[in-house]
Structure formats: structure tokens, C-alpha cells
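First the structure, in the form of C-alpha cells, and then the observations on it.
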Amino acid sequence: MNLALYIAIVTAIVLFLCLIVFIYFQIYKKNINKALTDNTSKPKRMIEPYKIVFVLVIFLVSLGITFTSVAGFMYSKDYFEYEKNTTENMSGRTVYVDYSFKNVNLHRVNSADTERIEQIITQKYPGRNIDIIPVYTFSSGIYLENKKVNVYAIPKEFCSFLGLSEMQNDTAYFYNEEISQANFEICVTKIVENGFVSDKLEKLTFEAKSGVSDKSLVSIIEKENMTPSMREDPICFVSLDSFYKMASIMLETDINSEVYLDKYSELITLKGIYICCDRLSLVNSVSSTLVQQNYNAHTPIDTFGSFEKVLPNIFLAFILSSAGLVLISSVNIYLTIRTVKRIKNKDD
């Protein structure tokens, strides 16, 4: 429940009950004053104000406890349901980094940033299960059955983040394609002074398998990096070793490490570094840490990111509002009892 809405409802209830108490006090006071100034008339029989206040205080406290408990239960239920879903859909517990700020300039991340981020996370969160996953892709020049295809590569040890139990070399993994072979056509490209040129195609055949989950890393890549038109093209994942093989064919040179990939950033891009947390509560903290280290780090919208702060604030608002009413009521009770005693003493 929204904290502002809760405070508004509690305030409305408190004001309403205070209004009732105020009106009753005025009527009671008017009745007593009339009896004091007119000896021939007797005051109407009315319940003492402090009893009314006592009943209303009990009612408010009971209502507040019930309302807060129900709101907290519903909020907690939604939160834990959401956290359960993020176990399957990793977008809610992933921090995405695509650029770094160096000397006030914006630079796309590279393999050195992957290592640096890993060091930052290890030092800041020792013992935590936080995975750093670099995702590479080709800017262009890869086709599948005469159609453009989006090829992404990750280290095979992170295959579980694609929903896969294993990842083999020379294999392309899809989630929406049912083919047994992936017959890639790779544009052999040469980098020249004013750009690059491609003058021939080389074919490369990988085994094709399905099984990539649409609730995995794919969902974040589609959201962060792909235009609607790109999403119409097939998407596949390969291991880094398979990616090196494809890059070697494209560039007609031996590519065998991420450092070599950095040299050809015009054609091969580290599309982003994905930091996957095992706990939802770590996401905002990891993101803030990387921002402080001059990285453009952000997370998907998390409606429960401040859960640990919201719930205590709700109870705090309830306690303060109840305490305020109890204090006011106590003063009124004291004044009422004193007035009643004075009236009784005068009658005696």
C-alpha cells in the first residue's frame, strides 16, 4: 500500500473522531453551563465525555491495528509473490551496465570494465552470490537463411541464465526457432580508413537447439538493446568460443580472447555487462555502488525496491497518529474529570 494513501486515511479517521469528540464536548459543556446558570432546570442525563473519549480511543487503536495488519499482510503477500517470480524471471534482480564515464566522456564498456566491475563487487560484497555476465554481439554482417539474425554470446558457465542446463561449442541456441541446423552466412569484413568494406560471404554451420527461456537474460536484452524491428529477426545465443570462431571468419584473423574483441568495436560490441544478484534486496545497492564508480548502471523498475523502508514507515505513521490522539484524549479526560468533580462538589 502507498504510504501517502495510508497516512491520508489514518488522518481522515483521526480528524473524524476528533470532530465527534469536539462536538460532544461542546454539547456536554452547553448542557452543564445551562444547568449552572439556571437553578430551576436539571442537566440532561448524558454520558460523561471521558467515557466517550475512552471508547473512541479503543475503537481507533483497534481499527488502526486491523487496518495496518491487513495492509501489511497484503503488501507482504504481493512482495513475496513478486520475489518468487523474479527467481524465474531474472530481469527484476539484474543490474545492467552499458557505458562508463571516463574523464567526463561516455564510453561503451569493454573487457577491462568486466574485470573492474568484478573486483568492485567482490570487494564490496564478499561472500555474496553475484554473477557478472558480459554479453557480446555483432553490429551487423551475420545472416541465417538469407535473413538477418541477432547473435549474442556469453561465457558458457552462465548458461543457466538462459534457462539452459548446458552450453556446447559450435551450437546455436534459440527460444523461438525450430531448426536442427543453423546455416550462418558471415560477411568477411575489412576495416579501411573511412570505415569497413565487405566483399564476400563465408558459410558456417552450427547445430541448432531450442530451450532458451523468454524469462531469462533474453528478456533484458530485448528490453535494453533491441528496437521493435530487431525483435522481428531471429535471436540466438552461442558460447564465447563459438563467437570467437565466427569473429575470426568475419575479420580473417585469429580471435581467441575478449581483449581481441575490444580491438574491433566497430563490428563487435560488448552489448552490456549484466550483474545478476541472487537476492532482490541487493539490486539497488549494487546499482548505486556502480554508479558511484562512474558506470551507467540501472535496473528494471522495481515496485518493491523500498519494501524494507515502506513497511516500518507505515507502522510508524500509525503509532504516531495513535499516540497523538491518545495524548489529546488524555488531556480531555483529565479536564473533563476535573470539571465533573467541580460540578459534583458544587451540588453537594
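Quick note on naming: the chains in the C-alpha cells go A, B, ... in the order shown, residues restart at 1 in each chain, and ligands are numbered from 1 in order of appearance.
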
Would you mind writing down, as a compact mmCIF listing (two decimals) with N, CA and C atoms, in the first residue's frame, each residue of range 90-274 of chain A that DSSP on the backbone assigns to strand (DSSP E)?
# COMPACT_ATOMS: atom_id res chain seq x y z
N THR A 94 18.52 -7.96 -11.79
CA THR A 94 19.71 -7.77 -12.62
C THR A 94 20.02 -6.28 -12.77
N VAL A 95 21.29 -5.95 -12.65
CA VAL A 95 21.78 -4.59 -12.90
C VAL A 95 22.45 -4.60 -14.27
N TYR A 96 22.09 -3.62 -15.09
CA TYR A 96 22.60 -3.56 -16.45
C TYR A 96 23.56 -2.38 -16.59
N VAL A 97 24.75 -2.65 -17.12
CA VAL A 97 25.77 -1.61 -17.32
C VAL A 97 26.16 -1.60 -18.79
N ASP A 98 26.04 -0.45 -19.43
CA ASP A 98 26.41 -0.37 -20.85
C ASP A 98 27.49 0.68 -21.13
N TYR A 99 27.59 1.71 -20.29
CA TYR A 99 28.58 2.76 -20.53
C TYR A 99 29.31 3.09 -19.23
N SER A 100 30.51 3.65 -19.40
CA SER A 100 31.27 4.16 -18.26
C SER A 100 31.65 5.60 -18.54
N PHE A 101 31.84 6.36 -17.48
CA PHE A 101 32.23 7.76 -17.60
C PHE A 101 33.72 7.89 -17.27
N LYS A 102 34.49 8.24 -18.27
CA LYS A 102 35.93 8.43 -18.09
C LYS A 102 36.33 9.82 -18.57
N ASN A 105 33.76 11.86 -20.31
CA ASN A 105 33.30 11.33 -21.59
C ASN A 105 32.62 9.98 -21.38
N LEU A 106 31.66 9.71 -22.25
CA LEU A 106 30.91 8.46 -22.16
C LEU A 106 31.53 7.42 -23.08
N HIS A 107 31.87 6.26 -22.53
CA HIS A 107 32.49 5.20 -23.31
C HIS A 107 31.72 3.90 -23.11
N ARG A 108 31.55 3.17 -24.20
CA ARG A 108 30.94 1.86 -24.06
C ARG A 108 31.90 0.95 -23.31
N ILE A 130 26.93 -13.17 -6.57
CA ILE A 130 26.62 -12.18 -7.60
C ILE A 130 27.44 -12.51 -8.85
N ASP A 131 26.75 -12.72 -9.96
CA ASP A 131 27.42 -13.11 -11.20
C ASP A 131 27.54 -11.91 -12.15
N ILE A 132 28.70 -11.79 -12.78
CA ILE A 132 28.96 -10.73 -13.76
C ILE A 132 29.05 -11.38 -15.14
N ILE A 133 28.09 -11.04 -16.00
CA ILE A 133 27.97 -11.71 -17.30
C ILE A 133 28.16 -10.71 -18.43
N PRO A 134 29.26 -10.79 -19.19
CA PRO A 134 29.41 -9.95 -20.38
C PRO A 134 28.64 -10.58 -21.56
N VAL A 135 27.98 -9.73 -22.33
CA VAL A 135 27.22 -10.21 -23.48
C VAL A 135 27.72 -9.50 -24.73
N TYR A 136 28.24 -10.28 -25.67
CA TYR A 136 28.78 -9.74 -26.92
C TYR A 136 27.81 -9.99 -28.07
N THR A 137 27.92 -9.15 -29.09
CA THR A 137 27.12 -9.33 -30.30
C THR A 137 27.85 -8.71 -31.49
N PHE A 138 27.41 -9.06 -32.68
CA PHE A 138 27.93 -8.45 -33.91
C PHE A 138 27.05 -7.25 -34.27
N ILE A 142 25.84 -10.79 -40.10
CA ILE A 142 25.54 -12.20 -39.85
C ILE A 142 24.12 -12.48 -40.34
N TYR A 143 24.00 -13.54 -41.15
CA TYR A 143 22.69 -13.89 -41.71
C TYR A 143 22.40 -15.36 -41.44
N LEU A 144 21.12 -15.67 -41.38
CA LEU A 144 20.66 -17.04 -41.20
C LEU A 144 19.55 -17.30 -42.21
N LYS A 147 18.40 -14.25 -43.93
CA LYS A 147 17.73 -13.28 -43.07
C LYS A 147 18.71 -12.82 -42.00
N LYS A 148 18.54 -11.58 -41.60
CA LYS A 148 19.38 -11.09 -40.50
C LYS A 148 19.08 -11.89 -39.24
N ASN A 150 20.20 -12.01 -34.95
CA ASN A 150 20.87 -11.38 -33.81
C ASN A 150 21.60 -12.47 -33.04
N VAL A 151 22.93 -12.44 -33.12
CA VAL A 151 23.75 -13.45 -32.45
C VAL A 151 24.37 -12.82 -31.20
N TYR A 152 24.12 -13.45 -30.05
CA TYR A 152 24.69 -12.99 -28.79
C TYR A 152 25.54 -14.09 -28.20
N ALA A 153 26.57 -13.69 -27.48
CA ALA A 153 27.49 -14.66 -26.88
C ALA A 153 27.69 -14.36 -25.40
N ILE A 154 27.71 -15.42 -24.60
CA ILE A 154 28.03 -15.30 -23.18
C ILE A 154 28.98 -16.44 -22.82
N THR A 171 27.33 -24.65 -31.37
CA THR A 171 25.88 -24.84 -31.24
C THR A 171 25.22 -23.49 -31.03
N ALA A 172 24.14 -23.27 -31.76
CA ALA A 172 23.36 -22.04 -31.60
C ALA A 172 22.06 -22.38 -30.86
N TYR A 173 21.75 -21.60 -29.85
CA TYR A 173 20.60 -21.87 -29.00
C TYR A 173 19.52 -20.80 -29.25
N PHE A 174 18.32 -21.28 -29.56
CA PHE A 174 17.18 -20.41 -29.86
C PHE A 174 16.09 -20.63 -28.81
N GLN A 181 19.66 -27.24 -37.78
CA GLN A 181 20.97 -26.68 -38.13
C GLN A 181 20.85 -25.18 -38.33
N ALA A 182 21.87 -24.48 -37.91
CA ALA A 182 21.93 -23.03 -38.12
C ALA A 182 22.99 -22.77 -39.18
N ASN A 183 22.54 -22.47 -40.39
CA ASN A 183 23.46 -22.23 -41.51
C ASN A 183 23.73 -20.73 -41.62
N PHE A 184 24.78 -20.30 -40.95
CA PHE A 184 25.11 -18.87 -40.92
C PHE A 184 25.86 -18.46 -42.18
N GLU A 185 25.61 -17.25 -42.60
CA GLU A 185 26.39 -16.59 -43.66
C GLU A 185 27.05 -15.37 -43.03
N ILE A 186 28.38 -15.36 -43.09
CA ILE A 186 29.15 -14.32 -42.41
C ILE A 186 29.83 -13.43 -43.44
N CYS A 187 29.59 -12.14 -43.32
CA CYS A 187 30.23 -11.18 -44.23
C CYS A 187 31.68 -10.99 -43.81
N VAL A 188 32.59 -11.37 -44.68
CA VAL A 188 34.02 -11.14 -44.41
C VAL A 188 34.29 -9.65 -44.58
N THR A 189 34.78 -9.02 -43.54
CA THR A 189 34.85 -7.56 -43.50
C THR A 189 36.28 -7.09 -43.25
N LYS A 190 36.63 -6.07 -43.99
CA LYS A 190 37.95 -5.44 -43.81
C LYS A 190 37.76 -4.01 -43.32
N ILE A 191 38.53 -3.63 -42.34
CA ILE A 191 38.46 -2.27 -41.81
C ILE A 191 39.38 -1.39 -42.65
N VAL A 192 38.82 -0.31 -43.20
CA VAL A 192 39.58 0.63 -44.02
C VAL A 192 39.57 1.99 -43.34
N GLY A 195 36.05 3.50 -42.77
CA GLY A 195 35.03 2.58 -42.31
C GLY A 195 35.46 1.15 -42.53
N PHE A 196 34.59 0.36 -43.16
CA PHE A 196 34.93 -1.03 -43.45
C PHE A 196 34.15 -1.47 -44.69
N VAL A 197 34.69 -2.47 -45.34
CA VAL A 197 34.07 -2.99 -46.56
C VAL A 197 33.96 -4.51 -46.44
N SER A 198 32.96 -5.05 -47.11
CA SER A 198 32.74 -6.49 -47.13
C SER A 198 32.60 -6.93 -48.57
N ASP A 199 33.42 -7.90 -48.99
CA ASP A 199 33.41 -8.29 -50.40
C ASP A 199 33.08 -9.76 -50.62
N LYS A 200 32.85 -10.54 -49.56
CA LYS A 200 32.47 -11.93 -49.76
C LYS A 200 31.77 -12.50 -48.53
N LEU A 201 31.11 -13.63 -48.74
CA LEU A 201 30.40 -14.33 -47.68
C LEU A 201 31.06 -15.68 -47.41
N GLU A 202 31.15 -16.02 -46.14
CA GLU A 202 31.61 -17.34 -45.74
C GLU A 202 30.49 -18.03 -44.98
N LYS A 203 30.35 -19.33 -45.22
CA LYS A 203 29.30 -20.09 -44.55
C LYS A 203 29.86 -20.85 -43.35
N LEU A 204 29.06 -20.94 -42.33
CA LEU A 204 29.43 -21.66 -41.12
C LEU A 204 28.18 -22.34 -40.57
N THR A 205 28.26 -23.62 -40.34
CA THR A 205 27.09 -24.37 -39.87
C THR A 205 27.29 -24.81 -38.42
N PHE A 206 26.32 -24.46 -37.60
CA PHE A 206 26.29 -24.89 -36.20
C PHE A 206 25.07 -25.79 -36.00
N GLU A 207 25.16 -26.62 -35.02
CA GLU A 207 23.97 -27.36 -34.60
C GLU A 207 23.01 -26.37 -33.94
N ALA A 208 21.73 -26.55 -34.16
CA ALA A 208 20.72 -25.64 -33.60
C ALA A 208 19.90 -26.38 -32.54
N LYS A 209 19.72 -25.74 -31.42
CA LYS A 209 18.90 -26.30 -30.35
C LYS A 209 17.99 -25.21 -29.79
N SER A 210 16.84 -25.61 -29.33
CA SER A 210 15.93 -24.69 -28.65
C SER A 210 16.08 -24.86 -27.15
N ILE A 235 16.72 -14.62 -32.84
CA ILE A 235 17.71 -14.38 -31.80
C ILE A 235 18.32 -15.71 -31.41
N CYS A 236 19.62 -15.75 -31.34
CA CYS A 236 20.27 -16.98 -30.88
C CYS A 236 21.46 -16.64 -30.00
N PHE A 237 21.84 -17.61 -29.19
CA PHE A 237 22.99 -17.46 -28.29
C PHE A 237 24.02 -18.54 -28.60
N VAL A 238 25.27 -18.15 -28.50
CA VAL A 238 26.38 -19.09 -28.67
C VAL A 238 27.37 -18.88 -27.54
N SER A 239 28.24 -19.85 -27.35
CA SER A 239 29.29 -19.70 -26.35
C SER A 239 30.34 -18.72 -26.86
N ILE A 268 32.15 -5.52 -33.54
CA ILE A 268 31.81 -6.41 -32.43
C ILE A 268 31.62 -5.57 -31.18
N THR A 269 30.50 -5.76 -30.52
CA THR A 269 30.15 -4.89 -29.41
C THR A 269 29.93 -5.70 -28.13
N LEU A 270 30.51 -5.20 -27.06
CA LEU A 270 30.12 -5.70 -25.74
C LEU A 270 28.81 -4.99 -25.42
N LYS A 271 27.73 -5.68 -25.67
CA LYS A 271 26.42 -5.03 -25.61
C LYS A 271 26.06 -4.58 -24.21
N GLY A 272 26.63 -5.23 -23.24
CA GLY A 272 26.37 -4.82 -21.87
C GLY A 272 26.95 -5.82 -20.90
N ILE A 273 27.14 -5.38 -19.67
CA ILE A 273 27.57 -6.26 -18.58
C ILE A 273 26.38 -6.40 -17.64
N TYR A 274 25.97 -7.63 -17.40
CA TYR A 274 24.79 -7.91 -16.60
C TYR A 274 25.22 -8.47 -15.25

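The space between CA of Ile221 in chain A and CA of Leu251 in chain A spans 25.1 Å.
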
Using DSSP on the backbone coordinates, identify the residues of range 232-312 of chain A assigned to helix (DSSP H, G or I); present them as a PyMOL selection string.
-> chain A and resi 240-251+258-262+280-292+307-312

Selection from above, C-alpha atoms, as a PDB file, in the first residue's frame, can you write it?
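Written output follows (selection_13.pdb):
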ATOM      1  CA  LEU A 240      32.213 -17.276 -26.360  1.00  0.00           C
ATOM      2  CA  ASP A 241      34.413 -19.885 -28.070  1.00  0.00           C
ATOM      3  CA  SER A 242      31.860 -20.223 -30.875  1.00  0.00           C
ATOM      4  CA  PHE A 243      31.659 -16.443 -31.061  1.00  0.00           C
ATOM      5  CA  TYR A 244      35.462 -16.247 -31.449  1.00  0.00           C
ATOM      6  CA  LYS A 245      35.204 -18.661 -34.371  1.00  0.00           C
ATOM      7  CA  MET A 246      32.557 -16.528 -36.082  1.00  0.00           C
ATOM      8  CA  ALA A 247      34.550 -13.340 -35.419  1.00  0.00           C
ATOM      9  CA  SER A 248      37.727 -14.933 -36.804  1.00  0.00           C
ATOM     10  CA  ILE A 249      35.920 -15.728 -40.057  1.00  0.00           C
ATOM     11  CA  MET A 250      34.456 -12.228 -40.283  1.00  0.00           C
ATOM     12  CA  LEU A 251      37.772 -10.453 -39.676  1.00  0.00           C
ATOM     13  CA  GLU A 258      37.791 -10.808 -25.182  1.00  0.00           C
ATOM     14  CA  VAL A 259      40.755  -8.442 -25.392  1.00  0.00           C
ATOM     15  CA  TYR A 260      40.985  -9.088 -29.128  1.00  0.00           C
ATOM     16  CA  LEU A 261      37.266  -8.378 -29.477  1.00  0.00           C
ATOM     17  CA  ASP A 262      37.812  -4.905 -27.996  1.00  0.00           C
ATOM     18  CA  LEU A 280      16.277  -8.950  -4.758  1.00  0.00           C
ATOM     19  CA  SER A 281      17.345  -6.736  -1.851  1.00  0.00           C
ATOM     20  CA  LEU A 282      20.879  -6.413  -3.278  1.00  0.00           C
ATOM     21  CA  VAL A 283      19.850  -4.937  -6.633  1.00  0.00           C
ATOM     22  CA  ASN A 284      19.515  -1.284  -5.652  1.00  0.00           C
ATOM     23  CA  SER A 285      22.670  -1.398  -3.548  1.00  0.00           C
ATOM     24  CA  VAL A 286      24.750  -2.911  -6.376  1.00  0.00           C
ATOM     25  CA  SER A 287      23.377  -0.372  -8.828  1.00  0.00           C
ATOM     26  CA  SER A 288      24.238   2.551  -6.522  1.00  0.00           C
ATOM     27  CA  THR A 289      27.739   1.183  -5.935  1.00  0.00           C
ATOM     28  CA  LEU A 290      28.460   1.023  -9.668  1.00  0.00           C
ATOM     29  CA  VAL A 291      27.031   4.484 -10.290  1.00  0.00           C
ATOM     30  CA  GLN A 292      29.445   5.816  -7.670  1.00  0.00           C
ATOM     31  CA  PHE A 307       9.831  -2.540   0.767  1.00  0.00           C
ATOM     32  CA  GLU A 308      12.120  -2.732   3.771  1.00  0.00           C
ATOM     33  CA  LYS A 309      11.655   1.016   4.348  1.00  0.00           C
ATOM     34  CA  VAL A 310       7.966   1.346   3.497  1.00  0.00           C
ATOM     35  CA  LEU A 311       6.575  -1.132   5.982  1.00  0.00           C
ATOM     36  CA  PRO A 312       8.305   0.365   9.068  1.00  0.00           C
TER      37      PRO A 312
END

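Separating CA of Ser140 in chain A from CA of Glu266 in chain A is a distance of 9.6 Å.
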
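Here CA of Tyr264 in chain A is placed at a distance of 25.5 Å from CA of Glu145 in chain A.
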
Ser219 in chain A proximity check over A:Leu162, A:Val21, A:Ile179, A:Met167, using only C-alpha atoms: winner is A:Leu162
